[in-house]
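Engineer: Contents of run_5.cif (mmCIF, C-alpha atoms) are below:
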```
data_structure
#
loop_
_atom_site.label_atom_id
_atom_site.label_comp_id
_atom_site.auth_asym_id
_atom_site.auth_seq_id
_atom_site.Cartn_x
_atom_site.Cartn_y
_atom_site.Cartn_z
CA MET A 211 -6.85 -8.82 -21.54
CA ASN A 212 -9.72 -10.59 -23.22
CA ILE A 213 -12.82 -10.92 -21.13
CA GLN A 214 -13.31 -14.66 -21.13
CA TRP A 215 -15.90 -15.05 -18.42
CA SER A 216 -19.49 -14.03 -18.45
CA ASP A 217 -21.15 -12.33 -15.52
CA ARG A 218 -23.08 -15.56 -15.06
CA ASP A 219 -19.88 -17.56 -14.65
CA ILE A 220 -18.56 -15.11 -12.09
CA GLU A 221 -21.81 -15.23 -10.14
CA SER A 222 -21.63 -19.03 -10.15
CA LEU A 223 -18.07 -18.93 -8.87
CA PHE A 224 -18.92 -16.54 -6.04
CA ALA A 225 -22.03 -18.51 -5.13
CA GLY A 226 -20.10 -21.76 -4.86
CA ARG A 227 -21.70 -23.28 -7.93
CA GLU A 228 -19.81 -24.89 -10.78
CA PRO A 229 -18.94 -22.21 -13.35
CA THR A 230 -19.65 -23.15 -16.94
CA GLU A 231 -16.24 -21.75 -17.86
CA GLY A 232 -13.70 -24.37 -16.85
CA ASP A 233 -10.91 -21.87 -16.41
CA LEU A 234 -12.60 -20.52 -13.29
CA THR A 235 -12.84 -23.80 -11.42
CA CYS A 236 -9.26 -23.41 -10.21
CA LEU A 237 -10.46 -20.50 -8.08
CA ALA A 238 -13.22 -22.46 -6.37
CA PRO A 239 -11.05 -23.59 -3.42
CA MET A 240 -9.96 -20.03 -2.69
CA VAL A 241 -13.51 -18.75 -2.87
CA GLU A 242 -14.68 -21.48 -0.52
CA ALA A 243 -11.89 -20.72 1.95
CA LEU A 244 -12.89 -17.05 1.95
CA ARG A 245 -16.55 -17.86 2.48
CA ARG A 246 -15.65 -19.96 5.52
CA LYS A 247 -14.41 -16.76 7.16
CA ALA A 248 -18.06 -15.79 7.68
CA GLU A 249 -18.65 -17.97 10.73
CA PRO A 250 -22.14 -17.78 12.24
CA PRO A 251 -22.26 -16.41 15.81
CA THR A 252 -22.93 -18.65 18.80
CA GLN A 253 -26.41 -18.62 20.32
CA GLU A 254 -24.98 -17.08 23.49
CA ARG A 255 -23.52 -14.27 21.44
CA VAL A 256 -26.78 -13.76 19.57
CA ASP A 257 -28.74 -13.55 22.83
CA SER A 258 -26.41 -11.06 24.49
CA MET A 259 -26.16 -8.85 21.42
CA ALA A 260 -29.92 -8.93 20.87
CA ARG A 261 -30.50 -7.58 24.37
CA ALA A 262 -27.97 -4.80 23.89
CA LEU A 263 -29.18 -3.84 20.42
CA ALA A 264 -32.85 -3.85 21.40
CA MET A 265 -32.08 -1.56 24.31
CA GLU A 266 -30.07 0.74 22.06
CA ALA A 267 -32.94 0.89 19.58
CA ARG A 268 -35.44 1.78 22.30
CA GLU A 269 -33.21 4.49 23.69
CA SER A 270 -32.60 5.89 20.24
CA ALA A 271 -36.29 6.08 19.39
CA VAL A 272 -36.77 9.75 18.67
CA ALA A 273 -39.02 11.53 16.23
CA VAL A 274 -37.12 11.62 12.97
CA PRO A 275 -38.26 12.90 9.60
CA SER A 276 -39.55 10.13 7.38
CA ARG A 277 -36.97 10.68 4.73
CA ARG A 278 -34.63 8.02 3.54
CA THR A 279 -31.11 8.48 4.70
CA THR A 280 -29.91 5.36 3.10
CA LYS A 281 -30.60 6.04 -0.52
CA ALA A 282 -28.00 4.60 -2.80
CA PRO A 283 -25.04 6.92 -3.11
CA VAL A 284 -25.22 8.46 -6.54
CA THR A 285 -21.63 8.25 -7.64
CA TRP A 286 -22.03 10.62 -10.56
CA ARG A 287 -22.93 13.49 -8.25
CA ARG A 288 -19.66 13.13 -6.39
CA ARG A 289 -17.78 12.89 -9.63
CA LEU A 290 -19.44 16.00 -10.90
CA VAL A 291 -18.37 17.90 -7.81
CA ALA A 292 -14.88 16.47 -8.13
CA ILE A 293 -14.68 17.79 -11.66
CA GLY A 294 -15.79 21.31 -11.01
CA GLY A 295 -17.76 21.81 -7.79
CA VAL A 296 -20.55 24.39 -8.00
CA ALA A 297 -19.44 25.39 -11.46
CA ALA A 298 -20.07 21.83 -12.57
CA LEU A 299 -23.53 22.00 -11.08
CA ALA A 300 -24.23 25.06 -13.18
CA THR A 301 -23.47 23.11 -16.33
CA VAL A 302 -26.39 20.81 -15.64
CA GLY A 303 -28.74 23.59 -14.81
CA VAL A 304 -28.42 23.79 -11.06
CA GLY A 305 -27.05 27.18 -10.19
CA GLY A 306 -25.52 28.24 -6.96
CA ALA A 307 -28.70 30.06 -6.00
CA ALA A 308 -30.70 26.89 -6.22
CA VAL A 309 -28.23 25.12 -3.99
CA ALA A 310 -28.18 27.90 -1.43
CA SER A 311 -31.95 28.20 -1.36
CA ASN A 312 -32.25 24.66 -0.03
CA GLY A 313 -31.00 25.86 3.30
CA ALA A 314 -28.31 23.22 3.64
CA ALA A 315 -25.79 23.42 6.45
CA PRO A 316 -22.62 25.33 5.56
CA GLY A 317 -19.94 22.98 4.34
CA ASP A 318 -22.39 20.15 3.68
CA VAL A 319 -21.94 20.50 -0.03
CA LEU A 320 -23.04 17.09 -1.11
CA TYR A 321 -26.16 17.17 1.03
CA SER A 322 -27.06 20.47 -0.57
CA ILE A 323 -26.43 18.96 -3.93
CA ASP A 324 -28.64 16.00 -3.12
CA GLN A 325 -31.49 18.29 -2.16
CA ALA A 326 -31.00 20.48 -5.17
CA PHE A 327 -30.93 17.54 -7.54
CA GLU A 328 -33.97 15.95 -5.99
CA ALA A 329 -35.83 19.25 -6.16
CA ILE A 330 -35.47 19.42 -9.90
CA GLY A 331 -35.68 15.72 -10.60
CA ILE A 332 -32.06 14.97 -11.35
CA GLY A 333 -30.98 11.62 -10.08
CA ASN A 334 -34.30 10.02 -10.92
CA GLY A 335 -33.54 8.67 -14.35
CA GLY A 336 -31.75 11.68 -15.88
CA THR A 337 -30.05 9.63 -18.56
CA GLU A 338 -29.49 12.57 -20.85
CA GLU A 339 -27.70 14.52 -18.14
CA ARG A 340 -25.50 11.54 -17.41
CA ILE A 341 -24.62 11.10 -21.06
CA ASP A 342 -23.65 14.77 -21.15
CA GLU A 343 -21.45 14.21 -18.14
CA ALA A 344 -19.88 11.20 -19.81
CA VAL A 345 -19.09 13.35 -22.84
CA ARG A 346 -17.35 15.85 -20.59
CA LEU A 347 -15.37 13.08 -18.91
CA CYS A 348 -14.30 11.83 -22.32
CA ASP A 349 -13.32 15.32 -23.43
CA ARG A 350 -11.11 15.54 -20.35
CA GLY A 351 -9.37 12.34 -21.38
CA ARG A 352 -11.10 10.12 -18.81
CA VAL A 353 -12.32 7.73 -21.45
CA ASP A 354 -12.76 4.65 -19.28
CA GLN A 355 -14.57 6.68 -16.63
CA ALA A 356 -16.82 8.11 -19.31
CA LEU A 357 -17.76 4.58 -20.38
CA GLU A 358 -18.37 3.53 -16.78
CA HIS A 359 -20.51 6.60 -16.21
CA ALA A 360 -22.59 5.87 -19.28
CA ALA A 361 -22.91 2.23 -18.19
CA HIS A 362 -24.22 3.42 -14.84
CA ALA A 363 -26.81 5.58 -16.56
CA PHE A 364 -28.15 2.62 -18.48
CA GLU A 365 -28.14 0.45 -15.38
CA LYS A 366 -30.36 2.99 -13.67
CA LYS A 367 -32.59 2.95 -16.70
CA GLY A 368 -32.80 -0.83 -16.66
CA ASP A 369 -30.95 -1.32 -19.94
CA GLU A 370 -28.59 -4.04 -18.76
CA ASP A 371 -27.44 -5.07 -22.23
CA SER A 372 -26.20 -1.61 -23.10
CA ALA A 373 -24.63 -1.26 -19.68
CA SER A 374 -22.83 -4.56 -20.04
CA ALA A 375 -21.48 -3.68 -23.49
CA LEU A 376 -20.16 -0.39 -22.14
CA VAL A 377 -18.55 -2.10 -19.17
CA HIS A 378 -16.68 -4.48 -21.44
CA ALA A 379 -15.47 -1.55 -23.49
CA ALA A 380 -14.37 0.22 -20.30
CA VAL A 381 -12.30 -2.80 -19.30
CA ALA A 382 -10.58 -2.87 -22.66
CA VAL A 383 -9.85 0.85 -22.51
CA GLN A 384 -8.55 0.59 -18.95
CA ASN A 385 -6.09 -2.01 -20.12
CA GLN A 386 -4.66 0.53 -22.48
CA GLY A 387 -3.69 2.46 -19.38
CA SER A 388 -1.80 5.60 -20.19
CA GLU A 389 -1.64 4.47 -23.79
CA GLN A 390 -5.30 5.30 -24.46
CA SER A 391 -5.29 6.17 -28.12
CA VAL A 392 -6.77 9.20 -29.79
CA GLU A 393 -8.79 6.86 -31.96
CA VAL A 394 -10.40 5.24 -28.94
CA ARG A 395 -11.16 8.59 -27.42
CA THR A 396 -12.70 9.79 -30.66
CA GLN A 397 -14.80 6.66 -31.00
CA VAL A 398 -16.09 6.94 -27.45
CA SER A 399 -16.86 10.60 -27.88
CA GLU A 400 -18.78 9.94 -31.08
CA MET A 401 -20.65 7.07 -29.47
CA LEU A 402 -21.71 9.19 -26.53
CA LYS A 403 -22.85 12.00 -28.77
CA TRP A 404 -24.83 9.55 -30.83
CA MET A 405 -26.51 8.30 -27.65
CA GLY A 406 -27.54 11.82 -26.81
CA SER A 407 -28.86 12.70 -30.23
CA THR A 408 -30.24 9.53 -31.78
CA ASP A 409 -33.94 8.93 -32.27
CA ALA A 410 -33.40 5.18 -32.09
CA LYS A 411 -35.27 3.46 -29.31
CA GLY A 412 -35.60 0.09 -27.70
CA LYS A 413 -33.92 -2.74 -29.51
CA ASP A 414 -32.47 -0.49 -32.22
CA PHE A 415 -30.89 1.76 -29.63
CA GLY A 416 -29.47 -1.20 -27.74
CA GLN A 417 -28.03 -2.66 -30.89
CA GLY A 418 -26.46 0.65 -31.76
CA VAL A 419 -24.84 0.87 -28.34
CA SER A 420 -23.57 -2.70 -28.50
CA GLU A 421 -22.06 -2.22 -31.96
CA ARG A 422 -20.31 0.97 -31.02
CA ALA A 423 -19.09 -0.40 -27.72
CA GLN A 424 -17.74 -3.47 -29.48
CA ALA A 425 -15.91 -1.24 -31.94
CA VAL A 426 -14.34 0.70 -29.09
CA LYS A 427 -13.30 -2.52 -27.45
CA ASP A 428 -11.79 -3.85 -30.68
CA THR A 429 -9.83 -0.66 -31.19
CA ALA A 430 -8.60 -0.68 -27.61
CA LEU A 431 -7.53 -4.31 -27.81
CA HIS A 432 -6.21 -4.49 -31.34
CA GLY A 433 -5.65 -0.90 -32.31
CA LYS A 434 -8.11 -0.93 -35.15
CA SER A 435 -11.79 -1.41 -35.70
CA GLU A 436 -13.08 -2.15 -39.15
CA ASP A 437 -16.75 -2.24 -38.20
CA ALA A 438 -17.33 0.97 -36.32
CA PRO A 439 -20.79 2.29 -37.16
CA LYS A 440 -20.94 5.78 -38.52
CA SER A 441 -21.95 8.22 -35.80
CA GLY A 442 -24.63 9.79 -37.93
CA ASP A 443 -26.52 6.58 -38.40
CA ALA A 444 -29.44 6.78 -35.99
CA GLN A 445 -30.33 3.14 -36.41
CA GLY A 446 -26.86 1.99 -35.43
CA GLN A 447 -26.44 0.07 -38.66
CA ASN A 448 -23.11 0.00 -40.41
CA LYS A 449 -23.71 1.29 -43.88
CA ASP A 450 -20.55 -0.31 -45.18
CA ASP A 451 -21.19 -3.76 -43.83
CA ASP A 452 -24.48 -5.53 -43.94
CA GLU A 453 -23.43 -7.95 -41.27
CA ALA A 454 -23.56 -6.18 -37.94
CA PRO A 455 -20.58 -7.06 -35.76
CA GLY A 456 -21.87 -9.17 -32.98
CA ASN A 457 -20.65 -8.88 -29.47
CA SER A 458 -18.28 -11.82 -29.18
CA ASP A 459 -18.56 -11.83 -25.40
CA ASP A 460 -21.27 -13.60 -23.58
CA ASN A 461 -22.89 -10.79 -21.67
CA GLY A 462 -24.82 -13.40 -19.73
CA THR A 463 -27.13 -12.26 -17.07
CA PRO A 464 -26.58 -8.97 -15.43
CA GLY A 465 -24.42 -9.13 -12.35
CA GLY A 466 -25.80 -9.15 -8.89
CA ARG A 467 -28.40 -11.20 -7.17
CA SER A 468 -32.04 -10.57 -6.72
CA SER A 469 -34.56 -12.28 -4.58
CA ASP A 470 -35.63 -14.25 -7.65
CA ASN A 471 -32.16 -15.68 -8.09
CA PRO A 472 -31.62 -18.50 -5.61
CA GLY A 473 -27.88 -17.97 -5.37
CA LYS A 474 -26.33 -19.68 -2.40
CA GLY A 475 -28.24 -21.31 0.36
CA PRO A 476 -27.99 -20.15 3.93
CA LYS A 477 -24.66 -20.77 5.55
CA ASP A 478 -26.16 -22.12 8.77
CA MET B 32 -27.87 -15.88 2.33
CA THR B 33 -31.20 -14.07 2.45
CA PHE B 34 -33.30 -13.12 5.46
CA GLY B 35 -36.50 -14.28 3.90
CA ALA B 36 -40.09 -13.17 3.83
CA GLY B 37 -40.12 -11.92 7.42
CA PHE B 38 -37.69 -9.06 6.92
CA GLU B 39 -40.24 -6.27 6.85
CA SER B 40 -41.92 -7.38 10.05
CA ALA B 41 -38.54 -7.88 11.71
CA LEU B 42 -37.53 -4.36 10.75
CA VAL B 43 -40.67 -2.88 12.25
CA ALA B 44 -40.16 -4.89 15.43
CA ALA B 45 -36.49 -3.94 15.61
CA LYS B 46 -37.45 -0.28 15.52
CA ALA B 47 -39.79 -0.99 18.40
CA GLY B 48 -36.90 -2.49 20.36
CA GLU B 49 -38.01 -6.14 20.20
CA GLU B 50 -35.26 -8.54 21.17
CA TRP B 51 -36.42 -11.34 18.87
CA ALA B 52 -36.08 -9.02 15.88
CA TRP B 53 -32.56 -7.97 16.80
CA ALA B 54 -31.61 -11.59 17.38
CA ALA B 55 -32.83 -12.41 13.89
CA LEU B 56 -31.09 -9.47 12.25
CA TYR B 57 -27.86 -10.11 14.11
CA ARG B 58 -27.88 -13.81 13.28
CA TYR B 59 -28.53 -12.91 9.65
CA LEU B 60 -25.52 -10.65 9.22
CA ALA B 61 -23.06 -11.01 12.09
CA GLY B 62 -21.12 -13.88 10.50
CA SER B 63 -20.62 -12.02 7.22
CA VAL B 64 -19.77 -8.71 8.90
CA THR B 65 -17.26 -10.27 11.28
CA GLY B 66 -15.73 -12.37 8.53
CA TYR B 67 -15.38 -9.33 6.30
CA LEU B 68 -13.67 -7.36 9.05
CA ARG B 69 -11.45 -10.31 9.91
CA VAL B 70 -10.27 -10.86 6.34
CA HIS B 71 -9.63 -7.13 6.06
CA GLY B 72 -7.18 -7.38 8.93
CA ALA B 73 -9.16 -5.76 11.74
CA ALA B 74 -7.27 -6.20 15.01
CA ASP B 75 -10.44 -7.18 16.87
CA PRO B 76 -13.11 -8.09 14.33
CA ASP B 77 -15.65 -9.21 16.96
CA ASP B 78 -15.39 -5.91 18.77
CA LEU B 79 -15.60 -3.94 15.56
CA ALA B 80 -18.61 -5.97 14.45
CA SER B 81 -20.31 -5.19 17.75
CA GLU B 82 -19.66 -1.49 17.21
CA THR B 83 -21.12 -1.82 13.76
CA PHE B 84 -24.34 -3.34 15.01
CA LEU B 85 -24.65 -0.80 17.80
CA GLN B 86 -24.47 1.92 15.19
CA VAL B 87 -27.09 0.09 13.19
CA ALA B 88 -29.32 0.03 16.25
CA LYS B 89 -28.81 3.73 16.83
CA GLY B 90 -29.71 4.57 13.28
CA ILE B 91 -32.46 2.01 12.73
CA HIS B 92 -35.24 4.56 13.06
CA SER B 93 -33.90 6.51 10.12
CA PHE B 94 -33.58 3.46 7.90
CA GLU B 95 -36.20 2.77 5.28
CA GLY B 96 -35.70 0.06 2.74
CA ASN B 97 -35.78 -3.58 1.83
CA GLU B 98 -33.54 -6.43 2.82
CA GLU B 99 -30.95 -5.72 0.14
CA GLU B 100 -30.72 -2.08 1.11
CA PHE B 101 -30.42 -3.01 4.76
CA ARG B 102 -27.54 -5.37 4.01
CA SER B 103 -25.77 -2.68 1.97
CA TRP B 104 -26.29 -0.15 4.74
CA VAL B 105 -24.83 -2.44 7.39
CA PHE B 106 -21.71 -3.06 5.32
CA VAL B 107 -21.27 0.62 4.60
CA ILE B 108 -21.18 1.12 8.36
CA ALA B 109 -18.82 -1.83 8.84
CA HIS B 110 -16.49 -0.54 6.16
CA ARG B 111 -16.37 2.90 7.71
CA ARG B 112 -15.77 1.47 11.16
CA LEU B 113 -12.84 -0.42 9.69
CA ILE B 114 -11.37 2.76 8.26
CA ASP B 115 -11.87 4.57 11.57
CA ALA B 116 -10.17 1.74 13.44
CA ARG B 117 -7.17 1.93 11.15
CA ARG B 118 -6.85 5.66 11.77
CA LYS B 119 -6.99 5.16 15.52
CA ALA B 120 -4.31 2.47 15.23
CA GLY B 121 -1.94 5.28 14.38
CA ARG B 122 -1.45 4.77 10.68
CA ARG B 123 -0.67 7.67 8.39
CA PRO B 124 -3.51 10.17 8.14
CA MET B 125 -5.89 9.16 5.42
CA ILE B 126 -8.67 10.94 3.65
CA ALA B 127 -11.71 8.71 3.27
CA GLY B 128 -12.39 7.87 -0.31
CA SER B 129 -9.13 9.26 -1.64
CA ALA B 130 -6.57 7.35 -3.60
CA VAL B 131 -4.04 8.20 -0.89
CA GLU B 132 -5.84 6.06 1.65
CA ASP B 133 -5.80 2.89 -0.35
CA ALA B 134 -2.43 3.33 -2.00
CA ASP B 135 -0.54 4.11 1.18
CA LEU B 136 -2.26 1.52 3.28
CA TYR B 137 -1.84 -1.41 0.99
CA ARG B 138 1.53 -0.69 -0.51
CA LEU B 139 3.39 -0.45 2.75
CA LYS B 140 5.98 -3.14 3.02
CA GLY B 141 6.62 -4.92 6.25
CA GLY B 142 4.44 -4.29 9.24
CA ASP B 143 1.40 -3.28 7.20
CA VAL B 144 -1.61 -4.18 9.28
CA GLU B 145 -3.48 -5.93 6.54
CA ASP B 146 -0.49 -7.86 5.21
CA ASP B 147 0.32 -8.99 8.75
CA ALA B 148 -3.23 -10.15 9.26
CA MET B 149 -3.21 -11.89 5.94
CA ARG B 150 -0.13 -13.87 6.89
CA ARG B 151 -1.72 -14.83 10.19
CA LEU B 152 -4.80 -16.11 8.46
CA GLY B 153 -2.89 -19.14 7.32
CA SER B 154 -5.47 -19.77 4.68
CA GLY B 155 -3.45 -21.83 2.30
CA GLY B 156 -2.06 -19.04 0.16
CA ILE B 157 -5.15 -16.87 0.08
CA GLU B 158 -3.29 -14.02 1.67
CA GLU B 159 -0.61 -14.14 -0.96
CA ALA B 160 -3.17 -14.29 -3.72
CA LEU B 161 -5.17 -11.36 -2.38
CA ALA B 162 -2.00 -9.33 -1.87
CA ASP B 163 -1.58 -9.30 -5.64
CA LEU B 164 -4.80 -7.36 -6.01
CA THR B 165 -5.24 -3.63 -5.86
CA PRO B 166 -7.12 -2.37 -2.79
CA ASP B 167 -10.34 -1.84 -4.73
CA GLN B 168 -10.10 -5.26 -6.35
CA ARG B 169 -9.56 -6.82 -2.93
CA ASP B 170 -12.52 -4.98 -1.48
CA VAL B 171 -14.75 -6.19 -4.28
CA ILE B 172 -13.72 -9.81 -3.81
CA MET B 173 -14.22 -9.64 -0.06
CA LEU B 174 -17.56 -7.90 -0.30
CA ARG B 175 -18.82 -10.27 -2.96
CA VAL B 176 -17.55 -13.48 -1.39
CA VAL B 177 -17.20 -12.98 2.38
CA ALA B 178 -19.93 -10.40 2.81
CA ASP B 179 -22.07 -12.15 0.20
CA LEU B 180 -23.12 -8.90 -1.42
CA SER B 181 -24.48 -8.54 -4.92
CA VAL B 182 -22.93 -6.26 -7.50
CA ALA B 183 -25.47 -3.57 -6.69
CA GLN B 184 -24.89 -3.82 -2.97
CA THR B 185 -21.13 -3.79 -3.38
CA ALA B 186 -21.43 -0.68 -5.52
CA LYS B 187 -23.26 1.08 -2.71
CA VAL B 188 -20.70 0.11 -0.08
CA MET B 189 -17.79 1.22 -2.22
CA ASP B 190 -19.60 4.23 -3.63
CA LYS B 191 -18.94 3.19 -7.18
CA SER B 192 -21.10 2.34 -10.15
CA GLU B 193 -22.15 -1.22 -10.81
CA GLY B 194 -20.17 -1.07 -13.99
CA ALA B 195 -17.04 -0.17 -12.07
CA ILE B 196 -17.63 -3.10 -9.73
CA ARG B 197 -17.94 -5.49 -12.66
CA VAL B 198 -14.73 -4.14 -14.14
CA LEU B 199 -12.94 -4.58 -10.82
CA GLN B 200 -14.13 -8.13 -10.33
CA HIS B 201 -13.18 -9.10 -13.85
CA ARG B 202 -9.67 -7.81 -13.33
CA ALA B 203 -9.39 -9.37 -9.87
CA ILE B 204 -10.39 -12.75 -11.20
CA GLU B 205 -7.88 -12.48 -13.99
CA VAL B 206 -5.10 -11.77 -11.48
CA LEU B 207 -6.18 -14.55 -9.15
CA ARG B 208 -6.56 -17.02 -11.96
CA ARG B 209 -3.13 -16.20 -13.28
CA ARG B 210 -1.69 -16.88 -9.83
CA ALA B 211 -3.66 -20.10 -9.56
CA GLY B 212 -1.83 -21.21 -12.67
CA GLY B 213 -4.78 -21.65 -14.97
CA ALA B 214 -4.17 -21.75 -18.70
CA ALA B 215 -4.25 -18.33 -20.37
#
```
In structure tokens, how does this file's structure come out?

Structural biologist:
Amino acid sequence: MNIQWSDRDIESLFAGREPTEGDLTCLAPMVEALRRKAEPPTQERVDSMARALAMEARESAVAVPSRRTTKAPVTWRRRLVAIGGVAALATVGVGGAAVASNGAAPGDVLYSIDQAFEAIGIGNGGTEERIDEAVRLCDRGRVDQALEHAAHAFEKKGDEDSASALVHAAVAVQNQGSEQSVEVRTQVSEMLKWMGSTDAKGKDFGQGVSERAQAVKDTALHGKSEDAPKSGDAQGQNKDDDEAPGNSDDNGTPGGRSSDNPGKGPKD
Amino acid sequence: MTFGAGFESALVAAKAGEEWAWAALYRYLAGSVTGYLRVHGAADPDDLASETFLQVAKGIHSFEGNEEEFRSWVFVIAHRRLIDARRKAGRRPMIAGSAVEDADLYRLKGGDVEDDAMRRLGSGGIEEALADLTPDQRDVIMLRVVADLSVAQTAKVMDKSEGAIRVLQHRAIEVLRRRAGGAA
């Protein structure tokens, strides 16, 4: 599968706007039919529910700790536990003692983990730890998951370009399915290790990620990449080719909507 | 659809049990929540949506966040209510979040609750198109289109990374486009 559509095109399709990529316009009727399933409630329904919900809220008003219970689920924590439980925690520096000392309820493993991670600052931009985890995923043969995990780390860091390049590589690798090649795995592993060790920053780092991710994608799709940067090159430049391989895909704008992006208008 | 500039004040008032605030919050999300549950094959989407909002009201005092986070939170609750309803309907025991849940539920042939609901929708082939998707791909499409969630919000509901959501939507669109007969 070649990724033909940018994130921008997909957002346009979902928002009911005309995608710039003509191939997506055939899906517009289906998208519109799905959106019509979200029918606004009647005023009578709104009034009756508002009374019931307001009463429920008043009755539920109890003193609760002012901690957020709706923080975004940090997927990598659950994956870490899935890989090796408490032993996996130890590999990122959180020993069993630290977990136990948080006084979590027995059996509430993930809550304990949350507390433990928050106590030592993991989960608040620990990109290096996430890259290490991605390396371990890759070593276990979960190459596409490793790429997704790394993409997530860069999303959290605000580096959307790197995240997007890694996502595209993950898609290509996923399409290999059980045929994921040793070469792809090696490339991904080297890329991740470069990420963890390079001194490159900012634009140079992003370029290095994009080049390496593109090389992974090319190998996954075509079985061979002629432009893979050498892993030891901190600047991400290919010493054998002065012309850096560009990312042929239009990464477009990052996915998702923000309050600055008009998106669709109200339905009612 | 966005709530607008008054979300913060509405949230404060909702915690205080003000009816106008709950009317505004309900009007803001009820259509999307009910539509999402309906497309997912809930036997009684209105009832399930009501349960969802009641749970929101019960937990409102513990919620802290902006409009986007509130929307994500509501759909996490709706999604879980859907899973609970399926279990009570007597389907095979499922472990939340496991591959067993999705694989067994969506690959059943004949009499599967979601396939039956899809056929009843009569939505001009939508049900057939969505049936070609994997469960995760279907969830992404429904959350993005019917629930009107962003990539970030969808990631929170499905407990996946944003990258994983983008991968899923790319693949879903490819499948749907192929069915729609677009040129390769």

Engineer: What's the separation between atom CA of Glu269 of chain A and atom CA of Ala54 of chain B, in Å to one decimal place?

Structural biologist: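 Atom CA of Ala54 of chain B lies at a distance of 17.3 Å from atom CA of Glu269 of chain A.
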
Engineer: Select, from B:Glu82, B:Asp115, B:Asp75, B:Glu95, the residue with the minimum atom-to-atom distance to chain A, counting all atoms listed in the file.

Structural biologist: B:Glu95

Engineer: Measuring between only C-alpha atoms, which one of A:Ile341, A:Ala380, A:Ala410, A:Cys348 shows the shortest distance to chain B?

Structural biologist: A:Ala380

Engineer: If the PyMOL selection byres ((chain B and resi 76) around 12) were run on this exact file, what residues would it hold? Put them as an mmCIF file with C-alpha atoms, in the coordinates of the input.

Structural biologist:
```
data_model
loop_
_atom_site.group_PDB
_atom_site.id
_atom_site.type_symbol
_atom_site.label_atom_id
_atom_site.label_comp_id
_atom_site.auth_asym_id
_atom_site.auth_seq_id
_atom_site.Cartn_x
_atom_site.Cartn_y
_atom_site.Cartn_z
ATOM 1 C CA LYS A 247 -14.410 -16.760 7.160
ATOM 2 C CA ALA A 248 -18.060 -15.790 7.680
ATOM 3 C CA GLU A 249 -18.650 -17.970 10.730
ATOM 4 C CA ALA B 61 -23.060 -11.010 12.090
ATOM 5 C CA GLY B 62 -21.120 -13.880 10.500
ATOM 6 C CA SER B 63 -20.620 -12.020 7.220
ATOM 7 C CA VAL B 64 -19.770 -8.710 8.900
ATOM 8 C CA THR B 65 -17.260 -10.270 11.280
ATOM 9 C CA GLY B 66 -15.730 -12.370 8.530
ATOM 10 C CA TYR B 67 -15.380 -9.330 6.300
ATOM 11 C CA LEU B 68 -13.670 -7.360 9.050
ATOM 12 C CA ARG B 69 -11.450 -10.310 9.910
ATOM 13 C CA VAL B 70 -10.270 -10.860 6.340
ATOM 14 C CA HIS B 71 -9.630 -7.130 6.060
ATOM 15 C CA GLY B 72 -7.180 -7.380 8.930
ATOM 16 C CA ALA B 73 -9.160 -5.760 11.740
ATOM 17 C CA ALA B 74 -7.270 -6.200 15.010
ATOM 18 C CA ASP B 75 -10.440 -7.180 16.870
ATOM 19 C CA ASP B 77 -15.650 -9.210 16.960
ATOM 20 C CA ASP B 78 -15.390 -5.910 18.770
ATOM 21 C CA LEU B 79 -15.600 -3.940 15.560
ATOM 22 C CA ALA B 80 -18.610 -5.970 14.450
ATOM 23 C CA SER B 81 -20.310 -5.190 17.750
ATOM 24 C CA GLU B 82 -19.660 -1.490 17.210
ATOM 25 C CA THR B 83 -21.120 -1.820 13.760
ATOM 26 C CA ALA B 109 -18.820 -1.830 8.840
ATOM 27 C CA HIS B 110 -16.490 -0.540 6.160
ATOM 28 C CA ARG B 112 -15.770 1.470 11.160
ATOM 29 C CA LEU B 113 -12.840 -0.420 9.690
ATOM 30 C CA ALA B 116 -10.170 1.740 13.440
ATOM 31 C CA ALA B 148 -3.230 -10.150 9.260
#
```

Engineer: Any chance you could work out the residue set of the PyMOL selection byres ((chain A and resi 430) around 7) here, as a PyMOL selection string?

Structural biologist: chain A and resi 382-383+386+394+426-429+431-433

Engineer: Can you work out which one of B:Arg102, B:Ile91, B:Arg118, B:Ala195 has the shortest atom-to-atom distance to Ala47 of chain B, counting only C-alpha atoms?

Structural biologist: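 For Ala47 of chain B, the nearest of the given residues is B:Ile91.
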
Engineer: Take segment 354-359 of chain A, bring it up to N, CA and C atoms, and give me the output as a compact mmCIF listing (two decimals), keeping the file's coordinate frame.

Structural biologist:
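Once everything was written out, this is part_32.txt:
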```txt
# COMPACT_ATOMS: atom_id res chain seq x y z
N ASP A 354 -12.18 5.83 -19.94
CA ASP A 354 -12.76 4.65 -19.28
C ASP A 354 -13.82 5.07 -18.27
N GLN A 355 -13.57 6.19 -17.58
CA GLN A 355 -14.57 6.68 -16.63
C GLN A 355 -15.83 7.12 -17.36
N ALA A 356 -15.66 7.70 -18.53
CA ALA A 356 -16.82 8.11 -19.31
C ALA A 356 -17.68 6.89 -19.67
N LEU A 357 -17.03 5.80 -20.04
CA LEU A 357 -17.76 4.58 -20.38
C LEU A 357 -18.46 4.00 -19.15
N GLU A 358 -17.76 4.03 -18.01
CA GLU A 358 -18.37 3.53 -16.78
C GLU A 358 -19.58 4.38 -16.40
N HIS A 359 -19.44 5.68 -16.57
CA HIS A 359 -20.51 6.60 -16.21
C HIS A 359 -21.73 6.35 -17.09
```
